[in-house]
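Next comes work.csv, with CSV, C-alpha atoms and all ligand atoms.
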```csv
chain,number,residue,atom,x,y,z
A,278,MET,CA,118.4,251.5,13.9
A,279,SER,CA,117.2,252.8,10.6
A,280,GLU,CA,117.1,256.5,9.9
A,281,SER,CA,119.9,258.0,12.0
A,282,SER,CA,122.7,255.5,11.5
A,283,ALA,CA,124.2,257.6,8.7
A,284,ARG,CA,125.4,260.2,11.2
A,285,SER,CA,127.2,257.6,13.3
A,286,THR,CA,130.7,257.4,11.8
A,287,GLY,CA,133.4,257.3,14.4
A,288,ALA,CA,135.1,260.4,15.6
A,289,SER,CA,138.8,260.4,16.7
A,290,LEU,CA,139.7,261.8,20.1
A,291,GLU,CA,142.9,263.5,21.3
A,292,VAL,CA,143.7,264.4,24.8
A,293,ARG,CA,146.8,266.5,25.3
A,294,GLN,CA,148.5,267.3,28.6
A,295,LEU,CA,145.2,267.1,30.4
A,296,CYS,CA,145.3,268.1,34.1
A,297,MET,CA,142.3,268.0,36.5
A,298,HIS,CA,143.2,269.0,40.0
A,299,PHE,CA,140.8,269.0,43.0
A,300,GLY,CA,142.7,271.1,45.6
A,301,GLY,CA,145.8,269.1,46.1
A,302,ILE,CA,144.6,265.9,44.3
A,303,ARG,CA,145.9,265.4,40.8
A,304,ALA,CA,143.1,263.3,39.5
A,305,LEU,CA,144.5,263.7,36.0
A,306,ASP,CA,148.2,264.5,35.7
A,307,GLU,CA,149.4,265.7,32.3
A,308,LEU,CA,147.5,262.9,30.5
A,309,ASN,CA,148.0,262.2,26.8
A,310,LEU,CA,145.7,259.9,24.9
A,311,SER,CA,144.8,259.3,21.3
A,312,VAL,CA,141.8,257.2,20.2
A,313,GLU,CA,141.4,256.5,16.5
A,314,ALA,CA,138.0,256.9,14.8
A,315,GLY,CA,136.2,253.6,15.2
A,316,GLU,CA,138.5,252.2,17.8
A,317,VAL,CA,137.1,250.5,20.9
A,318,LEU,CA,139.3,251.5,23.8
A,319,GLY,CA,139.2,250.0,27.3
A,320,LEU,CA,140.1,252.2,30.2
A,321,ILE,CA,140.9,250.4,33.4
A,322,GLY,CA,142.7,251.1,36.6
A,323,PRO,CA,142.1,250.9,40.3
A,324,ASN,CA,139.4,253.0,42.1
A,325,GLY,CA,140.5,256.6,42.2
A,326,SER,CA,142.9,256.3,39.3
A,327,GLY,CA,141.0,259.0,37.3
A,328,LYS,CA,138.8,257.0,34.9
A,329,SER,CA,135.6,258.8,35.6
A,330,THR,CA,137.4,262.2,35.8
A,331,LEU,CA,138.7,261.6,32.3
A,332,ILE,CA,135.2,260.8,31.0
A,333,ASN,CA,133.8,263.8,32.9
A,334,CYS,CA,136.4,266.1,31.3
A,335,ILE,CA,135.8,264.7,27.8
A,336,SER,CA,132.1,264.9,28.1
A,337,GLY,CA,132.1,268.5,29.6
A,338,VAL,CA,130.9,267.6,33.1
A,339,LEU,CA,134.2,269.0,34.4
A,340,THR,CA,136.3,271.8,33.0
A,341,PRO,CA,139.9,270.6,33.1
A,342,THR,CA,142.5,272.6,35.0
A,343,SER,CA,144.6,272.7,31.9
A,344,GLY,CA,145.1,270.7,28.7
A,345,VAL,CA,143.3,270.3,25.4
A,346,ILE,CA,140.6,267.8,24.2
A,347,THR,CA,139.9,267.5,20.5
A,348,LEU,CA,137.2,265.5,18.8
A,349,GLN,CA,137.6,264.7,15.2
A,350,HIS,CA,140.3,267.4,15.1
A,351,THR,CA,138.0,270.1,16.6
A,352,ASP,CA,139.0,271.6,19.9
A,353,ILE,CA,136.0,270.9,22.2
A,354,THR,CA,137.8,271.7,25.5
A,355,ARG,CA,135.5,274.7,26.4
A,356,TRP,CA,132.3,273.4,24.7
A,357,SER,CA,129.1,272.8,26.7
A,358,ARG,CA,127.8,269.3,27.3
A,359,ARG,CA,125.0,270.0,24.9
A,360,GLN,CA,127.3,271.1,22.1
A,361,ARG,CA,129.4,268.0,22.6
A,362,ALA,CA,126.3,265.8,22.5
A,363,ARG,CA,125.1,267.4,19.3
A,364,PHE,CA,128.6,266.8,17.9
A,365,GLY,CA,128.2,263.1,18.7
A,366,LEU,CA,129.9,262.7,22.0
A,367,ILE,CA,127.6,260.7,24.2
A,368,ARG,CA,128.3,259.1,27.6
A,369,THR,CA,126.7,257.0,30.3
A,370,TYR,CA,127.3,257.5,34.0
A,371,GLN,CA,128.9,255.2,36.6
A,372,ASN,CA,125.9,256.0,38.9
A,373,LEU,CA,122.8,255.7,36.7
A,374,ARG,CA,121.3,259.0,35.5
A,375,ILE,CA,118.1,258.3,33.8
A,376,PHE,CA,114.7,259.9,34.4
A,377,ASN,CA,113.1,257.7,37.0
A,378,GLY,CA,109.7,259.2,36.7
A,379,MET,CA,109.5,258.7,32.9
A,380,THR,CA,108.9,255.5,30.9
A,381,ALA,CA,111.7,253.7,29.1
A,382,ALA,CA,110.3,255.0,25.8
A,383,GLU,CA,110.2,258.6,27.0
A,384,ASN,CA,113.8,258.4,28.3
A,385,VAL,CA,115.0,257.2,24.9
A,386,GLU,CA,112.8,259.7,23.0
A,387,VAL,CA,114.1,262.6,25.1
A,388,ALA,CA,117.7,261.7,24.1
A,389,ALA,CA,116.8,261.5,20.4
A,390,ARG,CA,115.1,264.9,20.7
A,391,LEU,CA,118.0,266.5,22.6
A,392,VAL,CA,120.6,265.8,19.9
A,393,GLY,CA,118.2,265.9,17.0
A,394,SER,CA,119.2,262.3,16.0
A,395,ALA,CA,115.8,261.4,14.4
A,396,THR,CA,113.1,262.9,12.3
A,397,HIS,CA,110.5,261.0,14.2
A,398,PRO,CA,111.8,260.6,17.8
A,399,ARG,CA,108.9,258.6,19.1
A,400,LEU,CA,109.1,256.0,16.3
A,401,PHE,CA,112.8,256.0,16.6
A,402,ALA,CA,112.7,255.4,20.3
A,403,SER,CA,110.4,252.3,19.7
A,404,ASP,CA,112.9,251.0,17.1
A,405,VAL,CA,115.8,251.5,19.5
A,406,LEU,CA,114.1,249.7,22.4
A,407,ARG,CA,113.1,246.8,20.1
A,408,ASP,CA,116.6,246.5,18.8
A,409,GLN,CA,117.8,246.3,22.4
A,410,ASP,CA,115.2,243.7,23.4
A,411,LEU,CA,113.6,246.3,25.7
A,412,ALA,CA,110.2,246.6,23.9
A,413,PRO,CA,108.3,244.9,26.7
A,414,PHE,CA,109.4,247.7,29.1
A,415,ALA,CA,108.7,250.6,26.7
A,416,ARG,CA,105.6,251.9,28.6
A,417,ARG,CA,106.9,251.0,32.1
A,418,ARG,CA,108.1,253.7,34.4
A,419,VAL,CA,111.8,253.3,34.9
A,420,SER,CA,111.7,253.4,38.7
A,421,ASP,CA,109.6,250.3,38.7
A,422,LEU,CA,112.1,248.3,36.7
A,423,ALA,CA,115.0,246.0,37.9
A,424,TYR,CA,118.4,247.6,38.2
A,425,GLY,CA,119.8,245.6,35.3
A,426,THR,CA,117.0,246.7,33.1
A,427,GLN,CA,117.5,250.4,34.1
A,428,ARG,CA,121.2,250.0,33.1
A,429,LYS,CA,120.2,248.6,29.7
A,430,ILE,CA,117.8,251.5,29.2
A,431,GLU,CA,120.6,254.0,29.9
A,432,VAL,CA,122.7,252.3,27.2
A,433,ALA,CA,119.7,252.3,24.8
A,434,ARG,CA,119.2,256.0,25.5
A,435,ALA,CA,122.9,256.7,24.7
A,436,LEU,CA,122.6,254.7,21.5
A,437,ALA,CA,119.5,256.6,20.5
A,438,ALA,CA,121.6,259.7,20.4
A,439,THR,CA,123.6,258.1,17.6
A,440,PRO,CA,127.1,258.7,19.1
A,441,ARG,CA,130.2,259.2,17.0
A,442,LEU,CA,132.0,258.7,20.3
A,443,LEU,CA,130.3,256.7,23.0
A,444,ALA,CA,131.8,256.7,26.5
A,445,LEU,CA,130.5,254.1,28.9
A,446,ASP,CA,131.5,254.5,32.6
A,447,GLU,CA,131.2,251.1,34.3
A,448,PRO,CA,128.1,249.9,32.3
A,449,ALA,CA,128.4,246.4,33.7
A,450,ALA,CA,128.5,247.5,37.4
A,451,GLY,CA,125.8,245.5,39.3
A,452,LEU,CA,124.9,243.4,36.2
A,453,GLY,CA,124.7,239.6,36.4
A,454,GLU,CA,126.5,237.3,34.0
A,455,ASP,CA,123.6,237.1,31.5
A,456,ASP,CA,123.1,240.8,31.3
A,457,THR,CA,126.9,241.4,31.0
A,458,HIS,CA,126.9,238.9,28.1
A,459,ARG,CA,124.1,240.9,26.4
A,460,LEU,CA,126.0,244.1,26.9
A,461,ILE,CA,129.0,242.6,25.2
A,462,GLU,CA,126.8,241.7,22.2
A,463,THR,CA,125.2,245.2,22.3
A,464,ILE,CA,128.6,247.0,22.1
A,465,GLN,CA,129.9,244.7,19.4
A,466,ARG,CA,126.7,245.1,17.3
A,467,PHE,CA,126.8,248.9,17.8
A,468,ARG,CA,130.4,249.2,16.8
A,469,GLU,CA,129.8,247.0,13.7
A,470,SER,CA,126.7,248.9,12.5
A,471,SER,CA,127.8,252.4,13.3
A,472,GLY,CA,131.6,252.5,13.1
A,473,ALA,CA,131.5,254.7,16.2
A,474,THR,CA,134.4,255.1,18.6
A,475,VAL,CA,133.9,253.6,22.0
A,476,LEU,CA,135.6,254.4,25.3
A,477,LEU,CA,134.8,251.7,27.8
A,478,VAL,CA,135.5,251.9,31.5
A,479,ASP,CA,134.8,248.8,33.5
A,480,HIS,CA,136.2,246.4,36.1
A,481,ASP,CA,134.8,243.4,34.3
A,482,MET,CA,137.9,242.1,32.5
A,483,HIS,CA,135.9,239.6,30.5
A,484,LEU,CA,133.8,242.5,29.1
A,485,VAL,CA,136.8,244.7,28.5
A,486,SER,CA,138.9,242.1,26.8
A,487,SER,CA,136.0,240.8,24.7
A,488,VAL,CA,135.1,244.2,23.1
A,489,CYS,CA,138.2,246.3,23.2
A,490,ASP,CA,140.9,246.7,20.5
A,491,ARG,CA,143.3,248.2,23.0
A,492,ILE,CA,143.4,248.8,26.8
A,493,VAL,CA,144.9,251.8,28.6
A,494,VAL,CA,145.7,251.4,32.3
A,495,LEU,CA,145.4,254.5,34.5
A,496,HIS,CA,147.1,254.9,37.8
A,497,GLN,CA,147.2,258.0,39.8
A,498,GLY,CA,146.0,260.1,36.9
A,499,GLN,CA,148.6,258.9,34.5
A,500,ILE,CA,148.9,256.1,32.0
A,501,LEU,CA,150.7,253.2,33.5
A,502,THR,CA,150.7,251.1,30.3
A,503,GLU,CA,148.7,250.3,27.2
A,504,GLY,CA,148.4,247.7,24.6
A,505,LYS,CA,146.3,244.8,23.3
A,506,PRO,CA,144.1,243.2,25.9
A,507,SER,CA,146.1,240.0,26.2
A,508,GLN,CA,149.4,242.0,26.7
A,509,VAL,CA,148.0,244.4,29.3
A,510,LEU,CA,146.1,241.8,31.3
A,511,SER,CA,149.2,239.7,31.6
A,512,ASP,CA,151.4,242.6,32.7
A,513,PRO,CA,152.4,242.0,36.3
A,514,ARG,CA,152.5,245.8,36.9
A,515,VAL,CA,148.9,245.9,36.1
A,516,ALA,CA,148.1,243.2,38.5
A,517,GLU,CA,150.0,245.0,41.1
A,518,VAL,CA,148.1,248.3,40.9
A,519,TYR,CA,144.8,246.9,39.7
A,520,LEU,CA,144.4,244.1,42.1
A,521,GLY,CA,145.9,246.1,44.9
A,522,THR,CA,148.5,243.6,45.9
A,523,GLY,CA,150.3,246.4,47.6
A,524,ALA,CA,153.4,246.8,45.4
A,525,LYS,CA,154.0,250.0,43.6
A,526,PRO,CA,155.0,250.0,39.9
B,1,LIG,P1,137.9,256.3,39.1
B,1,LIG,O1,136.8,256.6,38.3
B,1,LIG,O2,139.1,255.8,38.4
B,1,LIG,O3,137.6,255.4,40.3
B,1,LIG,P2,137.8,259.1,39.8
B,1,LIG,O4,138.1,259.8,38.5
B,1,LIG,O5,136.4,259.1,40.2
B,1,LIG,O6,138.4,257.7,39.8
B,1,LIG,O7,138.6,259.9,40.9
B,1,LIG,C1,140.0,260.2,40.8
B,1,LIG,C2,140.4,261.0,42.0
B,1,LIG,O8,139.8,262.3,41.9
B,1,LIG,C3,140.0,260.4,43.3
B,1,LIG,O9,141.0,260.7,44.2
B,1,LIG,C4,138.7,261.2,43.6
B,1,LIG,O10,138.5,261.2,45.0
B,1,LIG,C5,139.0,262.5,43.1
B,1,LIG,N1,137.8,263.2,42.6
B,1,LIG,C6,137.0,262.9,41.6
B,1,LIG,N2,136.0,263.7,41.4
B,1,LIG,C7,136.1,264.7,42.4
B,1,LIG,C8,135.4,265.8,42.8
B,1,LIG,N3,134.3,266.2,42.1
B,1,LIG,N4,135.9,266.6,43.8
B,1,LIG,C9,137.0,266.2,44.5
B,1,LIG,N5,137.7,265.1,44.2
B,1,LIG,C10,137.3,264.3,43.2
B,2,MG,MG,134.8,255.9,38.3
```
Any chance you could give the structure as structure tokens?
Amino acid sequence: MSESSARSTGASLEVRQLCMHFGGIRALDELNLSVEAGEVLGLIGPNGSGKSTLINCISGVLTPTSGVITLQHTDITRWSRRQRARFGLIRTYQNLRIFNGMTAAENVEVAARLVGSATHPRLFASDVLRDQDLAPFARRRVSDLAYGTQRKIEVARALAATPRLLALDEPAAGLGEDDTHRLIETIQRFRESSGATVLLVDHDMHLVSSVCDRIVVLHQGQILTEGKPSQVLSDPRVAEVYLGTGAKP
């Protein structure tokens, strides 16, 4: 990814006392989290534990009830989504949000234009799609493509925005084994070439433990535990909440 990679050095993230309440539901409950620049952090936890809410607050989709979010030591808590994206905070969605009526190339080009990540967005989009083995789909309308390919296009579009912090919300959902394996390679290559920080939410433990330096487990809007993938995944409390065996931590 030639011309824009210089911008992509990782940004650190700090979340302080973050609360997101929906009526009586405390989706995030005084959450504190630090992610180092260049770190790949896995965020796991059972459904409803607050993973997407956290990414929504960080990316500006939701305004938190209280708390502070800083990116590379800059308070972004009240910034718009657009400002955050231009600062290098890019995310994908649990439920795909790509432009179905556009081609794959147009989707990627729009992302590059939005954040100003390339001098020649059209050429850059071709480069990105080629890098992601998506060149054969460049001129195809996204709605005509298989679900797994659409997911890959969403990730390619995020990469085209040259993130300093990339948040991926369940990128492997609905993917088969081969596509998940390619996603692992994509994230690893991206991290090595860009030095970007990555926040990865997924239920695929092979994916999460393959790419993450550290895993944080959310439960009821709070951090249950955190540590290296091997430690966290062998922690019986994690199995209890994550696998829903019934017992409370
Ligand atoms: P996860 O991504 O870990 O599955 P979510 O962050 O989506 O969990 O949800 C956390 C909690 O917040 C759940 O109880 C969910 O129902 C609630 N929630 C999330 N978004 C909203 C919303 N926009 N309005 C009301 N409740 C919400
Ligand atoms: Mg979610």
Let me have all residues with an atom within 10 Å of ligand MG 2 (chain B), counting all atoms listed in the file, laid out as a PyMOL selection string.
chain A and resi 321-333+370-372+446-447+478-480
Of the listed residues A:Gly504, A:Pro398, A:Gly472, A:Pro440, that which approaches A:Glu383 most closely, counting only C-alpha atoms
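Using only C-alpha atoms, A:Glu383 sits closest to A:Pro398.
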Across A:Cys334, A:Leu290, A:Leu476, A:Leu406, the smallest distance to ligand LIG 1 (chain B), with only C-alpha atoms and all ligand atoms counted, is shown by A:Cys334
If you count all atoms listed in the file, which residues fall within 10 Å of A:Leu422, apart from same-chain ones fewer than 5 positions away, as a count of residues only?
8
Taking into account only C-alpha atoms, which residue in the set A:Val494, A:Gln508, A:Ser343, A:Val338 is nearest to A:Leu305?
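With only C-alpha atoms as the atom set, the closest residue is A:Ser343.
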Restricting the calculation to only C-alpha atoms and all ligand atoms: of A:Gln497, A:Ile375, A:Leu452, A:Leu295, which residue gets closest to ligand LIG 1 (chain B)?
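Ranked by minimum distance to ligand LIG 1 (chain B), first place goes to A:Gln497.
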Pick out the residues sitting within 12 Å of A:Arg358, and hand them over as number ranges by chain; count all atoms listed in the file, and ignore anything fewer than 4 positions along from it in its own chain.
A: 332-340, 353-354, 362-368, 391-392
Spatial neighbours of A:Glu313, max dist 7 Å, all atoms listed in the file, sep filter under 2 positions, as a list in words:
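So the residues in contact are Ser289, Leu290, Ser311, Gly315 and Glu316 of chain A.
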Using only C-alpha atoms, please write the residues we just selected to a file, as a PDB file, keeping the file's coordinate frame.
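Just written: again.pdb:
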```
ATOM      1  CA  SER A 289     138.800 260.400  16.700  1.00  0.00           C
ATOM      2  CA  LEU A 290     139.700 261.800  20.100  1.00  0.00           C
ATOM      3  CA  SER A 311     144.800 259.300  21.300  1.00  0.00           C
ATOM      4  CA  GLY A 315     136.200 253.600  15.200  1.00  0.00           C
ATOM      5  CA  GLU A 316     138.500 252.200  17.800  1.00  0.00           C
TER       6      GLU A 316
END
```
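Shortest separation to A:Cys296 among A:Ala402, A:Val345, A:Ile492, A:Ala314 occurs at residue A:Val345, atoms counted being all atoms listed in the file.
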So how many Å separate atom N4 of ligand LIG 1 (chain B) and atom CA of A:Arg374, to one decimal?
18.4 Å
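We find atom CA of A:Asp408 and atom CA of A:Asn384 to be spaced 15.5 Å apart.
Excluding stretch 461-466 of chain A itself and same-chain residues fewer than 5 positions from it, the residues having an atom within 8 Å of it are Gln409, Leu484, Ser487 and Val488 of chain A, counting only C-alpha atoms.
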N, CA, C and O atoms modelled onto stretch 493-508 of chain A, as a PDB file, in the coordinates of the input:
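See result-v5.pdb below for the written result:
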```
ATOM      1  N   VAL A 493     143.994 250.854  27.930  1.00  0.00           N
ATOM      2  CA  VAL A 493     144.900 251.800  28.600  1.00  0.00           C
ATOM      3  C   VAL A 493     144.658 251.653  30.088  1.00  0.00           C
ATOM      4  O   VAL A 493     143.519 251.572  30.548  1.00  0.00           O
ATOM      5  N   VAL A 494     145.759 251.580  30.825  1.00  0.00           N
ATOM      6  CA  VAL A 494     145.700 251.400  32.300  1.00  0.00           C
ATOM      7  C   VAL A 494     146.021 252.752  32.941  1.00  0.00           C
ATOM      8  O   VAL A 494     147.130 253.258  32.745  1.00  0.00           O
ATOM      9  N   LEU A 495     145.087 253.282  33.719  1.00  0.00           N
ATOM     10  CA  LEU A 495     145.400 254.500  34.500  1.00  0.00           C
ATOM     11  C   LEU A 495     145.797 254.170  35.870  1.00  0.00           C
ATOM     12  O   LEU A 495     145.301 253.214  36.477  1.00  0.00           O
ATOM     13  N   HIS A 496     146.707 254.991  36.381  1.00  0.00           N
ATOM     14  CA  HIS A 496     147.100 254.900  37.800  1.00  0.00           C
ATOM     15  C   HIS A 496     147.536 256.237  38.247  1.00  0.00           C
ATOM     16  O   HIS A 496     148.400 256.883  37.645  1.00  0.00           O
ATOM     17  N   GLN A 497     146.870 256.705  39.257  1.00  0.00           N
ATOM     18  CA  GLN A 497     147.200 258.000  39.800  1.00  0.00           C
ATOM     19  C   GLN A 497     147.150 259.133  38.755  1.00  0.00           C
ATOM     20  O   GLN A 497     148.036 259.976  38.713  1.00  0.00           O
ATOM     21  N   GLY A 498     146.154 259.079  37.897  1.00  0.00           N
ATOM     22  CA  GLY A 498     146.000 260.100  36.900  1.00  0.00           C
ATOM     23  C   GLY A 498     146.910 260.135  35.746  1.00  0.00           C
ATOM     24  O   GLY A 498     146.952 261.085  34.962  1.00  0.00           O
ATOM     25  N   GLN A 499     147.706 259.052  35.632  1.00  0.00           N
ATOM     26  CA  GLN A 499     148.600 258.900  34.500  1.00  0.00           C
ATOM     27  C   GLN A 499     148.471 257.568  33.870  1.00  0.00           C
ATOM     28  O   GLN A 499     147.924 256.657  34.483  1.00  0.00           O
ATOM     29  N   ILE A 500     149.011 257.427  32.647  1.00  0.00           N
ATOM     30  CA  ILE A 500     148.900 256.100  32.000  1.00  0.00           C
ATOM     31  C   ILE A 500     150.071 255.240  32.483  1.00  0.00           C
ATOM     32  O   ILE A 500     151.250 255.601  32.355  1.00  0.00           O
ATOM     33  N   LEU A 501     149.707 254.105  33.052  1.00  0.00           N
ATOM     34  CA  LEU A 501     150.700 253.200  33.500  1.00  0.00           C
ATOM     35  C   LEU A 501     151.240 252.349  32.368  1.00  0.00           C
ATOM     36  O   LEU A 501     152.447 252.180  32.205  1.00  0.00           O
ATOM     37  N   THR A 502     150.326 251.845  31.527  1.00  0.00           N
ATOM     38  CA  THR A 502     150.700 251.100  30.300  1.00  0.00           C
ATOM     39  C   THR A 502     149.520 251.000  29.415  1.00  0.00           C
ATOM     40  O   THR A 502     148.394 251.319  29.794  1.00  0.00           O
ATOM     41  N   GLU A 503     149.769 250.553  28.177  1.00  0.00           N
ATOM     42  CA  GLU A 503     148.700 250.300  27.200  1.00  0.00           C
ATOM     43  C   GLU A 503     149.083 249.268  26.247  1.00  0.00           C
ATOM     44  O   GLU A 503     150.277 248.987  26.095  1.00  0.00           O
ATOM     45  N   GLY A 504     148.097 248.684  25.578  1.00  0.00           N
ATOM     46  CA  GLY A 504     148.400 247.700  24.600  1.00  0.00           C
ATOM     47  C   GLY A 504     147.184 246.814  24.304  1.00  0.00           C
ATOM     48  O   GLY A 504     146.066 247.138  24.710  1.00  0.00           O
ATOM     49  N   LYS A 505     147.440 245.695  23.612  1.00  0.00           N
ATOM     50  CA  LYS A 505     146.300 244.800  23.300  1.00  0.00           C
ATOM     51  C   LYS A 505     145.879 244.147  24.637  1.00  0.00           C
ATOM     52  O   LYS A 505     146.687 243.968  25.567  1.00  0.00           O
ATOM     53  N   PRO A 506     144.579 243.759  24.690  1.00  0.00           N
ATOM     54  CA  PRO A 506     144.100 243.200  25.900  1.00  0.00           C
ATOM     55  C   PRO A 506     144.916 242.098  26.532  1.00  0.00           C
ATOM     56  O   PRO A 506     145.231 242.109  27.730  1.00  0.00           O
ATOM     57  N   SER A 507     145.370 241.154  25.671  1.00  0.00           N
ATOM     58  CA  SER A 507     146.100 240.000  26.200  1.00  0.00           C
ATOM     59  C   SER A 507     147.439 240.474  26.854  1.00  0.00           C
ATOM     60  O   SER A 507     147.846 239.960  27.898  1.00  0.00           O
ATOM     61  N   GLN A 508     148.087 241.459  26.193  1.00  0.00           N
ATOM     62  CA  GLN A 508     149.400 242.000  26.700  1.00  0.00           C
ATOM     63  C   GLN A 508     149.144 242.657  28.078  1.00  0.00           C
ATOM     64  O   GLN A 508     149.833 242.394  29.064  1.00  0.00           O
TER      65      GLN A 508
END
```
